[in-house]
$ cat target-v2.csv   # CSV, C-alpha atoms
chain,number,residue,atom,x,y,z
A,1,MET,CA,-65.7,-89.2,-6.0
A,2,SER,CA,-66.1,-89.3,-9.8
A,3,ARG,CA,-63.0,-88.9,-12.0
A,4,ASP,CA,-62.7,-85.6,-13.9
A,5,PRO,CA,-62.8,-86.7,-17.6
A,6,PHE,CA,-60.8,-83.7,-18.6
A,7,LEU,CA,-57.7,-84.3,-16.5
A,8,ALA,CA,-56.8,-87.8,-17.8
A,9,ASP,CA,-54.1,-86.6,-20.2
A,10,THR,CA,-54.3,-82.8,-20.3
A,11,GLU,CA,-50.5,-82.3,-20.7
A,12,GLY,CA,-50.3,-84.9,-23.4
A,13,LEU,CA,-53.1,-83.5,-25.4
A,14,ASP,CA,-52.1,-79.8,-24.9
A,15,PRO,CA,-48.3,-79.7,-25.0
A,16,ARG,CA,-48.2,-76.1,-26.2
A,17,GLY,CA,-50.3,-74.8,-23.3
A,18,ALA,CA,-53.4,-73.5,-25.0
A,19,ALA,CA,-55.2,-73.7,-21.6
A,20,ARG,CA,-52.6,-71.4,-20.1
A,21,ILE,CA,-53.1,-68.9,-22.9
A,22,LEU,CA,-56.9,-69.1,-22.4
A,23,ALA,CA,-56.5,-68.5,-18.7
A,24,GLU,CA,-54.3,-65.5,-19.4
A,25,PHE,CA,-56.9,-63.9,-21.8
A,26,PRO,CA,-58.1,-61.3,-19.2
A,27,SER,CA,-54.5,-60.2,-18.7
A,28,GLN,CA,-54.0,-60.1,-22.4
A,29,CYS,CA,-57.0,-57.8,-22.7
A,30,ARG,CA,-55.5,-55.4,-20.0
A,31,GLN,CA,-52.2,-55.4,-21.8
A,32,ALA,CA,-53.9,-54.7,-25.1
A,33,LEU,CA,-55.4,-51.4,-23.7
A,34,ALA,CA,-51.8,-50.0,-23.7
A,35,LEU,CA,-51.2,-50.7,-27.4
A,36,SER,CA,-51.6,-47.8,-29.7
A,37,ALA,CA,-50.9,-46.8,-33.3
A,38,SER,CA,-47.7,-45.2,-34.5
A,39,PRO,CA,-48.0,-42.7,-36.1
A,40,PRO,CA,-51.4,-42.0,-34.5
A,41,LEU,CA,-54.5,-42.0,-36.6
A,42,SER,CA,-55.7,-38.5,-37.5
A,43,ARG,CA,-59.3,-37.5,-37.1
A,44,ALA,CA,-61.2,-37.3,-40.3
A,45,SER,CA,-64.7,-37.0,-41.6
A,46,LEU,CA,-65.8,-40.6,-42.1
A,47,ARG,CA,-68.8,-42.1,-43.7
A,48,HIS,CA,-67.8,-45.8,-43.4
A,49,VAL,CA,-65.5,-48.1,-41.5
A,50,VAL,CA,-64.3,-51.4,-43.0
A,51,VAL,CA,-62.3,-53.9,-41.0
A,52,ALA,CA,-60.4,-56.2,-43.4
A,53,GLY,CA,-59.3,-59.6,-42.2
A,54,MET,CA,-59.6,-63.4,-42.3
A,55,GLY,CA,-60.2,-66.1,-39.8
A,56,GLY,CA,-59.4,-65.3,-36.2
A,57,SER,CA,-58.0,-61.9,-37.2
A,58,ALA,CA,-61.4,-60.8,-38.5
A,59,VAL,CA,-63.3,-61.6,-35.4
A,60,CYS,CA,-62.4,-58.3,-33.8
A,61,GLY,CA,-64.2,-56.6,-36.6
A,62,ASP,CA,-67.3,-58.7,-36.0
A,63,LEU,CA,-67.3,-57.6,-32.4
A,64,VAL,CA,-66.9,-53.9,-33.2
A,65,SER,CA,-69.6,-54.2,-35.9
A,66,ALA,CA,-72.0,-55.7,-33.4
A,67,LEU,CA,-71.3,-53.0,-30.8
A,68,ALA,CA,-71.5,-50.2,-33.4
A,69,SER,CA,-74.9,-51.1,-34.7
A,70,ASP,CA,-76.8,-48.8,-32.4
A,71,ARG,CA,-73.9,-46.6,-31.2
A,72,LEU,CA,-72.1,-45.1,-34.1
A,73,PRO,CA,-73.4,-42.8,-36.8
A,74,VAL,CA,-71.4,-44.6,-39.5
A,75,PRO,CA,-71.6,-48.3,-40.5
A,76,VAL,CA,-68.9,-50.7,-39.6
A,77,THR,CA,-68.6,-53.7,-41.9
A,78,VAL,CA,-66.1,-56.6,-42.1
A,79,TRP,CA,-64.5,-57.6,-45.4
A,80,ARG,CA,-63.3,-61.1,-45.8
A,81,GLY,CA,-61.7,-61.7,-49.1
A,82,TYR,CA,-59.5,-60.3,-51.9
A,83,GLY,CA,-59.7,-56.8,-53.2
A,84,ALA,CA,-62.2,-54.4,-51.8
A,85,PRO,CA,-65.9,-53.5,-52.1
A,86,ALA,CA,-66.8,-50.7,-54.5
A,87,SER,CA,-67.9,-48.5,-51.6
A,88,ILE,CA,-64.4,-48.0,-50.4
A,89,GLY,CA,-62.8,-44.6,-51.2
A,90,PRO,CA,-62.3,-41.2,-49.7
A,91,GLY,CA,-64.2,-41.0,-46.5
A,92,THR,CA,-63.7,-44.7,-45.7
A,93,LEU,CA,-61.4,-45.9,-42.9
A,94,VAL,CA,-60.0,-49.3,-43.7
A,95,VAL,CA,-58.4,-51.2,-40.8
A,96,ALA,CA,-56.3,-54.1,-42.2
A,97,VAL,CA,-56.0,-56.8,-39.5
A,98,SER,CA,-53.8,-59.8,-39.8
A,99,TYR,CA,-52.1,-61.2,-36.7
A,100,SER,CA,-49.4,-62.9,-38.7
A,101,GLY,CA,-49.0,-60.1,-41.2
A,102,ALA,CA,-48.9,-62.6,-44.0
A,103,THR,CA,-52.6,-62.9,-44.9
A,104,GLU,CA,-52.7,-62.3,-48.7
A,105,GLU,CA,-56.3,-61.4,-48.9
A,106,THR,CA,-55.9,-58.7,-46.3
A,107,ILE,CA,-52.9,-57.3,-48.0
A,108,SER,CA,-54.7,-57.1,-51.3
A,109,THR,CA,-57.6,-55.2,-49.6
A,110,LEU,CA,-55.2,-52.7,-48.1
A,111,GLU,CA,-53.5,-52.1,-51.4
A,112,ALA,CA,-56.9,-51.7,-53.2
A,113,ALA,CA,-58.1,-49.3,-50.5
A,114,LEU,CA,-55.0,-47.1,-50.7
A,115,GLY,CA,-55.3,-47.0,-54.5
A,116,ARG,CA,-58.8,-45.6,-54.0
A,117,GLY,CA,-57.8,-42.8,-51.6
A,118,ALA,CA,-59.2,-44.4,-48.4
A,119,THR,CA,-57.8,-43.7,-44.9
A,120,ALA,CA,-56.0,-46.8,-43.6
A,121,ALA,CA,-54.5,-48.3,-40.5
A,122,VAL,CA,-53.0,-51.7,-39.7
A,123,LEU,CA,-53.0,-54.1,-36.8
A,124,THR,CA,-50.4,-56.9,-37.0
A,125,SER,CA,-47.5,-58.5,-35.3
A,126,GLY,CA,-45.2,-58.1,-38.3
A,127,GLY,CA,-44.7,-59.7,-41.7
A,128,ALA,CA,-45.4,-58.1,-45.1
A,129,LEU,CA,-48.4,-56.2,-43.8
A,130,ALA,CA,-46.3,-54.3,-41.2
A,131,ALA,CA,-43.7,-53.7,-43.9
A,132,LEU,CA,-46.3,-52.2,-46.2
A,133,ALA,CA,-47.7,-50.0,-43.4
A,134,GLN,CA,-44.2,-48.7,-42.6
A,135,GLU,CA,-43.4,-48.1,-46.2
A,136,ARG,CA,-46.6,-46.0,-46.7
A,137,GLY,CA,-46.4,-44.3,-43.3
A,138,LEU,CA,-49.7,-45.8,-42.1
A,139,PRO,CA,-50.8,-45.9,-38.5
A,140,LEU,CA,-49.5,-49.3,-37.3
A,141,VAL,CA,-50.4,-51.1,-34.1
A,142,ARG,CA,-47.6,-53.6,-33.5
A,143,LEU,CA,-49.1,-56.6,-31.7
A,144,PRO,CA,-47.1,-59.1,-29.5
A,145,ALA,CA,-46.2,-62.1,-31.5
A,146,GLY,CA,-46.1,-65.8,-30.7
A,147,LEU,CA,-49.8,-66.8,-30.6
A,148,LEU,CA,-52.4,-68.2,-32.9
A,149,PRO,CA,-54.9,-65.5,-34.2
A,150,ARG,CA,-57.8,-67.2,-32.5
A,151,LEU,CA,-55.9,-67.0,-29.1
A,152,ALA,CA,-55.0,-63.3,-29.6
A,153,LEU,CA,-58.4,-61.8,-29.6
A,154,GLY,CA,-57.6,-59.4,-26.8
A,155,TYR,CA,-54.6,-58.0,-28.6
A,156,LEU,CA,-56.7,-57.6,-31.8
A,157,PHE,CA,-59.9,-56.2,-30.3
A,158,PHE,CA,-58.9,-53.6,-27.8
A,159,PRO,CA,-56.4,-51.8,-30.1
A,160,LEU,CA,-59.2,-51.7,-32.7
A,161,LEU,CA,-61.4,-50.0,-30.2
A,162,GLY,CA,-58.6,-47.5,-29.5
A,163,LEU,CA,-58.1,-46.8,-33.2
A,164,LEU,CA,-61.8,-46.0,-33.7
A,165,GLU,CA,-61.8,-43.8,-30.6
A,166,SER,CA,-58.9,-41.8,-31.9
A,167,ALA,CA,-60.9,-41.3,-35.1
A,168,GLY,CA,-63.8,-39.9,-33.0
A,169,LEU,CA,-65.8,-43.1,-32.9
A,170,LEU,CA,-66.3,-44.1,-29.2
A,171,LEU,CA,-67.7,-47.6,-28.7
A,172,ALA,CA,-67.1,-48.3,-25.0
A,173,GLN,CA,-66.6,-45.9,-22.1
A,174,ALA,CA,-63.9,-46.7,-19.4
A,175,PRO,CA,-66.5,-48.0,-16.9
A,176,GLU,CA,-67.9,-50.4,-19.5
A,177,ARG,CA,-64.4,-51.7,-20.3
A,178,ASP,CA,-63.5,-52.1,-16.6
A,179,GLU,CA,-66.6,-54.1,-16.0
A,180,ALA,CA,-65.9,-56.4,-18.9
A,181,LEU,CA,-62.3,-57.0,-17.7
A,182,ARG,CA,-63.5,-57.8,-14.1
A,183,GLU,CA,-66.0,-60.3,-15.5
A,184,LEU,CA,-63.4,-62.0,-17.6
A,185,GLU,CA,-61.0,-62.2,-14.7
A,186,LEU,CA,-63.7,-63.9,-12.6
A,187,MET,CA,-64.4,-66.3,-15.4
A,188,GLY,CA,-60.7,-67.1,-15.9
A,189,LYS,CA,-60.7,-68.4,-12.3
A,190,GLU,CA,-63.9,-70.4,-12.7
A,191,LEU,CA,-63.4,-72.1,-16.0
A,192,GLY,CA,-59.8,-73.3,-15.8
A,193,PRO,CA,-58.8,-77.0,-15.9
A,194,GLU,CA,-58.3,-77.2,-12.1
A,195,ARG,CA,-62.0,-76.5,-11.5
A,196,ALA,CA,-64.1,-79.7,-11.7
A,197,ASP,CA,-67.0,-80.0,-14.0
A,198,ALA,CA,-69.5,-79.7,-11.1
A,199,ASP,CA,-68.3,-76.1,-10.6
A,200,ASN,CA,-67.2,-75.3,-14.2
A,201,GLU,CA,-69.8,-74.2,-16.7
A,202,ALA,CA,-67.5,-74.7,-19.7
A,203,LYS,CA,-66.8,-78.3,-18.8
A,204,ARG,CA,-70.5,-79.1,-18.2
A,205,LEU,CA,-71.3,-77.6,-21.6
A,206,ALA,CA,-68.6,-79.6,-23.3
A,207,LEU,CA,-69.9,-82.8,-21.7
A,208,ALA,CA,-73.4,-82.0,-22.9
A,209,LEU,CA,-72.1,-81.5,-26.5
A,210,ARG,CA,-70.0,-84.6,-26.6
A,211,GLY,CA,-70.9,-86.9,-29.4
A,212,ARG,CA,-73.2,-84.4,-31.1
A,213,VAL,CA,-72.8,-81.6,-33.7
A,214,PRO,CA,-73.3,-78.2,-32.1
A,215,VAL,CA,-75.7,-75.7,-33.7
A,216,ILE,CA,-75.1,-72.3,-32.1
A,217,TYR,CA,-77.9,-69.7,-32.3
A,218,GLY,CA,-77.6,-66.0,-31.4
A,219,SER,CA,-79.7,-62.9,-31.9
A,220,GLY,CA,-78.7,-59.2,-32.2
A,221,LEU,CA,-75.6,-58.8,-30.0
A,222,THR,CA,-75.1,-62.5,-29.5
A,223,ALA,CA,-75.2,-63.4,-33.2
A,224,VAL,CA,-71.5,-62.6,-33.5
A,225,ALA,CA,-70.8,-64.7,-30.4
A,226,ALA,CA,-72.6,-67.6,-32.1
A,227,TYR,CA,-70.3,-67.4,-35.1
A,228,ARG,CA,-67.2,-67.2,-32.9
A,229,TRP,CA,-68.4,-70.4,-31.1
A,230,LYS,CA,-68.8,-72.2,-34.4
A,231,THR,CA,-65.3,-71.3,-35.6
A,232,GLU,CA,-63.7,-72.1,-32.3
A,233,VAL,CA,-65.3,-75.5,-32.1
A,234,GLU,CA,-64.1,-76.2,-35.6
A,235,GLU,CA,-60.5,-74.9,-35.2
A,236,ILE,CA,-59.9,-76.1,-31.6
A,237,ALA,CA,-61.9,-79.3,-31.3
A,238,LYS,CA,-61.7,-80.2,-35.0
A,239,LEU,CA,-65.5,-80.8,-35.0
A,240,LEU,CA,-67.9,-79.6,-37.6
A,241,ALA,CA,-70.3,-77.0,-36.2
A,242,PHE,CA,-73.0,-74.7,-37.4
A,243,HIS,CA,-74.5,-71.3,-36.4
A,244,GLY,CA,-77.6,-69.4,-37.1
A,245,SER,CA,-79.5,-66.3,-35.8
A,246,LEU,CA,-83.0,-65.6,-34.7
A,247,PRO,CA,-85.5,-64.6,-35.9
A,248,GLU,CA,-84.1,-65.6,-39.4
A,249,ALA,CA,-83.8,-69.3,-38.5
A,250,ASP,CA,-87.5,-69.5,-37.8
A,251,HIS,CA,-88.2,-68.6,-41.4
A,252,ASN,CA,-86.2,-71.6,-42.9
A,253,GLU,CA,-83.8,-73.6,-40.7
A,254,ILE,CA,-86.5,-74.6,-38.2
A,255,GLU,CA,-87.8,-77.1,-40.8
A,256,GLY,CA,-84.5,-78.9,-40.9
A,257,TRP,CA,-84.9,-79.9,-37.3
A,258,ARG,CA,-87.7,-82.3,-38.4
A,259,ASP,CA,-85.1,-84.5,-40.0
A,260,PRO,CA,-84.4,-87.7,-38.1
A,261,LEU,CA,-80.7,-86.9,-38.3
A,262,ALA,CA,-81.4,-84.0,-35.9
A,263,ALA,CA,-80.9,-86.4,-33.1
A,264,GLY,CA,-77.2,-86.1,-33.7
A,265,PHE,CA,-77.3,-82.3,-33.3
A,266,HIS,CA,-77.3,-80.1,-30.1
A,267,ALA,CA,-78.8,-76.6,-30.2
A,268,VAL,CA,-77.2,-74.0,-28.1
A,269,PHE,CA,-79.0,-70.7,-27.7
A,270,LEU,CA,-76.8,-67.7,-26.6
A,271,ARG,CA,-79.2,-65.5,-24.7
A,272,ASP,CA,-79.0,-61.8,-23.7
A,273,PRO,CA,-81.0,-60.3,-20.8
A,274,GLU,CA,-81.4,-57.2,-23.0
A,275,GLU,CA,-82.8,-59.1,-26.0
A,276,ASP,CA,-86.1,-58.0,-27.5
A,277,ASP,CA,-89.2,-59.5,-26.0
A,278,ALA,CA,-90.2,-60.9,-29.4
A,279,VAL,CA,-86.8,-62.6,-29.7
A,280,ALA,CA,-87.1,-64.1,-26.2
A,281,THR,CA,-90.5,-65.5,-27.2
A,282,ARG,CA,-89.0,-67.0,-30.3
A,283,VAL,CA,-86.1,-68.6,-28.4
A,284,ARG,CA,-88.6,-70.3,-26.0
A,285,LEU,CA,-90.9,-71.5,-28.8
A,286,THR,CA,-88.1,-72.6,-31.1
A,287,GLY,CA,-86.5,-74.6,-28.3
A,288,GLU,CA,-89.8,-76.3,-27.5
A,289,LEU,CA,-90.4,-77.2,-31.1
A,290,ILE,CA,-87.0,-78.8,-31.7
A,291,ARG,CA,-86.5,-80.4,-28.3
A,292,ALA,CA,-88.4,-83.6,-29.4
A,293,SER,CA,-86.1,-84.2,-32.4
A,294,ALA,CA,-82.8,-82.6,-31.3
A,295,GLY,CA,-80.1,-84.4,-29.4
A,296,GLY,CA,-80.2,-81.7,-26.9
A,297,VAL,CA,-81.1,-78.0,-26.3
A,298,THR,CA,-79.1,-75.7,-24.0
A,299,GLU,CA,-79.4,-72.0,-23.1
A,300,VAL,CA,-76.4,-70.0,-22.2
A,301,TRP,CA,-76.4,-66.6,-20.5
A,302,PRO,CA,-73.7,-63.9,-20.4
A,303,ARG,CA,-72.1,-62.2,-17.5
A,304,GLY,CA,-72.2,-58.5,-16.6
A,305,ARG,CA,-74.6,-55.7,-17.4
A,306,GLY,CA,-72.8,-53.7,-20.1
A,307,ARG,CA,-72.9,-54.7,-23.7
A,308,LEU,CA,-69.1,-55.2,-23.8
A,309,ALA,CA,-69.1,-57.5,-20.8
A,310,ARG,CA,-72.0,-59.5,-22.1
A,311,LEU,CA,-70.4,-60.0,-25.5
A,312,LEU,CA,-66.9,-60.8,-24.3
A,313,SER,CA,-68.1,-63.2,-21.6
A,314,LEU,CA,-70.1,-65.3,-24.1
A,315,ILE,CA,-67.1,-65.5,-26.4
A,316,TYR,CA,-64.7,-66.4,-23.5
A,317,LEU,CA,-67.0,-69.1,-22.4
A,318,GLY,CA,-67.2,-70.5,-25.9
A,319,ASP,CA,-63.4,-70.6,-26.2
A,320,TRP,CA,-63.2,-72.7,-23.1
A,321,VAL,CA,-66.0,-75.0,-24.2
A,322,SER,CA,-64.1,-75.6,-27.5
A,323,TYR,CA,-61.0,-76.4,-25.6
A,324,TYR,CA,-62.7,-79.0,-23.4
A,325,LEU,CA,-64.4,-80.5,-26.4
A,326,ALA,CA,-60.9,-81.0,-27.9
A,327,LEU,CA,-59.8,-82.8,-24.8
A,328,LEU,CA,-62.9,-85.0,-24.8
A,329,ARG,CA,-62.2,-85.9,-28.5
A,330,GLY,CA,-58.6,-86.6,-27.7
A,331,VAL,CA,-57.1,-84.0,-30.0
A,332,ASP,CA,-54.4,-81.3,-29.5
A,333,PRO,CA,-56.3,-78.0,-29.6
A,334,TRP,CA,-53.3,-76.1,-31.0
A,335,PRO,CA,-52.4,-77.3,-34.5
A,336,VAL,CA,-54.6,-76.6,-37.6
A,337,PRO,CA,-53.2,-79.1,-40.1
A,338,ALA,CA,-56.0,-78.7,-42.7
A,339,ILE,CA,-55.7,-74.9,-42.7
A,340,GLU,CA,-51.9,-75.3,-43.1
A,341,GLU,CA,-52.4,-77.7,-45.9
A,342,VAL,CA,-54.7,-75.3,-47.8
A,343,LYS,CA,-52.0,-72.6,-47.5
A,344,ARG,CA,-49.3,-75.0,-48.7
A,345,ARG,CA,-51.3,-76.0,-51.7
A,346,LEU,CA,-52.0,-72.4,-52.5
A,347,ARG,CA,-48.3,-71.5,-52.4
A,348,ALA,CA,-47.6,-74.5,-54.6
A,349,ALA,CA,-50.3,-73.5,-57.1
A,350,LYS,CA,-49.0,-69.9,-57.2
A,351,SER,CA,-45.4,-71.0,-57.8
A,352,ARG,CA,-46.6,-73.0,-60.9
A,353,ARG,CA,-48.2,-70.0,-62.5

$ encode --input "target-v2.csv" --output "C-alpha cells"
Amino acid sequence: MSRDPFLADTEGLDPRGAARILAEFPSQCRQALALSASPPLSRASLRHVVVAGMGGSAVCGDLVSALASDRLPVPVTVWRGYGAPASIGPGTLVVAVSYSGATEETISTLEAALGRGATAAVLTSGGALAALAQERGLPLVRLPAGLLPRLALGYLFFPLLGLLESAGLLLAQAPERDEALRELELMGKELGPERADADNEAKRLALALRGRVPVIYGSGLTAVAAYRWKTEVEEIAKLLAFHGSLPEADHNEIEGWRDPLAAGFHAVFLRDPEEDDAVATRVRLTGELIRASAGGVTEVWPRGRGRLARLLSLIYLGDWVSYYLALLRGVDPWPVPAIEEVKRRLRAAKSRR
C-alpha cells in the first residue's frame, strides 16, 4: 500500500489546527445563519449596494456580487481600498466588512460613506469598526472571534445574505441554502485528512499542482471562485498563483501560454454545468491549445444544482486544495508573516509622520 504523502507530519506542520477549522466550515455556515444585526437594518429604497472590505473579509462581497448579477434589480459592487467611490451617497447601502475590525481601509470607507449620507451596516468580530458602529447606532452583526478572515467565510457570507434580505434584496431561498449546506457537509467528510488521496479530490488536485504555478480560470459564476482559489493558494500554501476569466483570457492571455516557461504552470478550469454553450466551447478549445505547452490542464466541477451550492462547493474544494499544497510544500498553513510585516511597516511609517 502506498504511503499517503499528506500524513507524514500533519500535526507538526499544522499545530493550530487549520484542518479542523476547514472540516468545521459546514457547521460554521449553519451557525452563521443565526447571526443577525442589532439594531436591525431598516428597509429603504436602494439604488446601489457596496460591500467594503479587504483580503479574506472582502470575499463575501465577491460571492454576493456574483449571485446578484442576474437576481437583484440593483448592482452589488465590492470596494477594496481607502475612501469611497463617488457613486456612494443617499440611496446606497454600504456594508463595511472586517473580521478583525481593525482594517484601516474599511474604516475609512465607512466614515466617508456616512459623511455622504449613505445607509450603512457593519460585519465584524470587534475592534475599532465595532466601536464606530455602536457609536453611530449602525446595524452591527457581531461575529465569533478567534479565526483568520480566510477561515471565517461562513460567518462573513451568510450574515451578509441576511442583511440584504432584511433590506428587501433576497438572493437565496431557504431550499437553495439547505442544498448548499448539505453539499458542504458531504464534502467535509470526503476531503478531510483521514481520507486517502485515491478517494479525496482535494488531495489529488494538490498532487497534480505540486511543483507548478497554478493558473485558475473561471467564467460567470465561477470567476469569483477562481479568484478565491488564487488568494487561498497564496495565503495558505505561500505559493504564487494567478487567475483569469473566460472569454476575456482568449483575447490576450492565451498568447502567454506559448512561452516555453508555460511548462512550469498548471491551468485549472472551474466549470459550471449551467455555463453558456459558447463558454463551454471556449474552455474546451483553450484547454486543447495550451495543453502542449502547459505543465498540466485540469477541469474541476462543482457539486449541487443551485447556484449557491455550485459556488460554495467550488470555493470549499479550493480551500482544501490550498491546505494540502501547504503540507506538500512543508509550510504551516496558518501564519501570514509577509502580510504581518506589511502591517508592521505601515504602523511604523504612520508613527513617523

$ residues_around --input "target-v2.csv" --residues "stretch 272-276 of chain A" --least-positions-apart "6" --cutoff "9 Å" --atoms "all atoms listed in the file" --output "CSV table (one decimal) with C-alpha atoms, in the coordinates of the input"
chain,number,residue,atom,x,y,z
A,218,GLY,CA,-77.6,-66.0,-31.4
A,219,SER,CA,-79.7,-62.9,-31.9
A,220,GLY,CA,-78.7,-59.2,-32.2
A,221,LEU,CA,-75.6,-58.8,-30.0
A,222,THR,CA,-75.1,-62.5,-29.5
A,300,VAL,CA,-76.4,-70.0,-22.2
A,301,TRP,CA,-76.4,-66.6,-20.5
A,302,PRO,CA,-73.7,-63.9,-20.4
A,305,ARG,CA,-74.6,-55.7,-17.4
A,307,ARG,CA,-72.9,-54.7,-23.7
A,310,ARG,CA,-72.0,-59.5,-22.1
A,311,LEU,CA,-70.4,-60.0,-25.5

$ closest_residue --input "target-v2.csv" --among "A:Ala249, A:Ala34, A:Ala133, A:Leu164" --to "A:Val64" --atoms "all atoms listed in the file"
A:Leu164

$ residues_around --input "target-v2.csv" --residues "A:Leu41" --least-positions-apart "3" --cutoff "7 Å" --atoms "all atoms listed in the file" --output "count of residues only"
5

$ closest_residue --input "target-v2.csv" --among "A:Asn252, A:Gly61, A:Ser98, A:Ala172" --to "A:Pro149" --atoms "only C-alpha atoms"
A:Ser98

$ residues_around --input "target-v2.csv" --residues "A:Tyr323" --least-positions-apart "4" --cutoff "8 Å" --atoms "all atoms listed in the file" --output "list in words"
Ala19, Val233, Ile236, Ala237, Asp319, Leu327 and Pro333 of chain A

$ residues_around --input "target-v2.csv" --residues "A:Leu132" --least-positions-apart "6" --cutoff "9 Å" --atoms "only C-alpha atoms" --output "PyMOL selection string"
chain A and resi 107+111+138

$ write_last_selection --input "target-v2.csv" --atoms "C-alpha atoms" --output "PDB file, keeping the file's coordinate frame"
ATOM      1  CA  ILE A 107     -52.900 -57.300 -48.000  1.00  0.00           C
ATOM      2  CA  GLU A 111     -53.500 -52.100 -51.400  1.00  0.00           C
ATOM      3  CA  LEU A 138     -49.700 -45.800 -42.100  1.00  0.00           C
TER       4      LEU A 138
END

$ atom_distance --input "target-v2.csv" --atom1 "atom CA of A:Glu234" --atom2 "atom CA of A:Trp320"
13.0 Å

$ closest_residue --input "target-v2.csv" --among "A:Arg150, A:Arg136, A:Arg71, A:Arg210" --to "A:Ser100" --atoms "all atoms listed in the file"
A:Arg150

$ atom_distance --input "target-v2.csv" --atom1 "atom CA of A:Trp334" --atom2 "atom CA of A:Leu22"
11.7 Å

$ closest_residue --input "target-v2.csv" --among "A:Val51, A:Val94, A:Leu72, A:Leu123" --to "A:Ser38" --atoms "only C-alpha atoms"
A:Leu123

$ residues_around --input "target-v2.csv" --residues "A:Pro260" --least-positions-apart "3" --cutoff "8 Å" --atoms "only C-alpha atoms" --output "VMD selection string"
chain A and resid 257 263 293

$ atom_distance --input "target-v2.csv" --atom1 "atom CA of A:Val213" --atom2 "atom CA of A:Ala23"
25.7 Å

$ closest_residue --input "target-v2.csv" --among "A:Leu161, A:Leu110, A:Ala52, A:Val59" --to "A:Leu35" --atoms "only C-alpha atoms"
A:Leu161

$ closest_residue --input "target-v2.csv" --among "A:Arg258, A:Arg352, A:Arg303, A:Arg16" --to "A:Arg291" --atoms "all atoms listed in the file"
A:Arg258

$ decode --input "target-v2.csv" --residues "stretch 18-50 of chain A" --atoms "C-alpha atoms" --output "mmCIF file, in the first residue's frame"
data_model
loop_
_atom_site.group_PDB
_atom_site.id
_atom_site.type_symbol
_atom_site.label_atom_id
_atom_site.label_comp_id
_atom_site.auth_asym_id
_atom_site.auth_seq_id
_atom_site.Cartn_x
_atom_site.Cartn_y
_atom_site.Cartn_z
ATOM 1 C CA ALA A 18 -6.357 24.700 10.251
ATOM 2 C CA ALA A 19 -7.601 21.307 9.012
ATOM 3 C CA ARG A 20 -10.024 21.099 11.913
ATOM 4 C CA ILE A 21 -11.397 24.561 11.128
ATOM 5 C CA LEU A 22 -11.768 23.655 7.451
ATOM 6 C CA ALA A 23 -13.619 20.478 8.402
ATOM 7 C CA GLU A 24 -15.949 22.557 10.588
ATOM 8 C CA PHE A 25 -16.770 25.004 7.772
ATOM 9 C CA PRO A 26 -20.224 23.468 7.077
ATOM 10 C CA SER A 27 -21.072 23.785 10.775
ATOM 11 C CA GLN A 28 -19.769 27.366 10.733
ATOM 12 C CA CYS A 29 -22.155 28.145 7.883
ATOM 13 C CA ARG A 30 -25.123 26.723 9.812
ATOM 14 C CA GLN A 31 -24.193 28.721 12.901
ATOM 15 C CA ALA A 32 -23.832 31.845 10.761
ATOM 16 C CA LEU A 33 -27.469 31.604 9.678
ATOM 17 C CA ALA A 34 -28.459 32.582 13.218
ATOM 18 C CA LEU A 35 -26.366 35.767 13.257
ATOM 19 C CA SER A 36 -28.271 38.996 12.714
ATOM 20 C CA ALA A 37 -27.795 42.727 13.004
ATOM 21 C CA SER A 38 -28.554 44.766 16.093
ATOM 22 C CA PRO A 39 -30.251 47.140 15.651
ATOM 23 C CA PRO A 40 -31.877 45.623 12.577
ATOM 24 C CA LEU A 41 -31.363 47.179 9.169
ATOM 25 C CA SER A 42 -34.418 49.122 8.076
ATOM 26 C CA ARG A 43 -35.852 48.703 4.609
ATOM 27 C CA ALA A 44 -35.099 51.585 2.291
ATOM 28 C CA SER A 45 -35.243 52.432 -1.373
ATOM 29 C CA LEU A 46 -31.816 51.434 -2.645
ATOM 30 C CA ARG A 47 -30.133 52.003 -5.979
ATOM 31 C CA HIS A 48 -26.733 50.522 -5.147
ATOM 32 C CA VAL A 49 -25.095 48.149 -2.664
ATOM 33 C CA VAL A 50 -21.385 48.451 -1.870
#
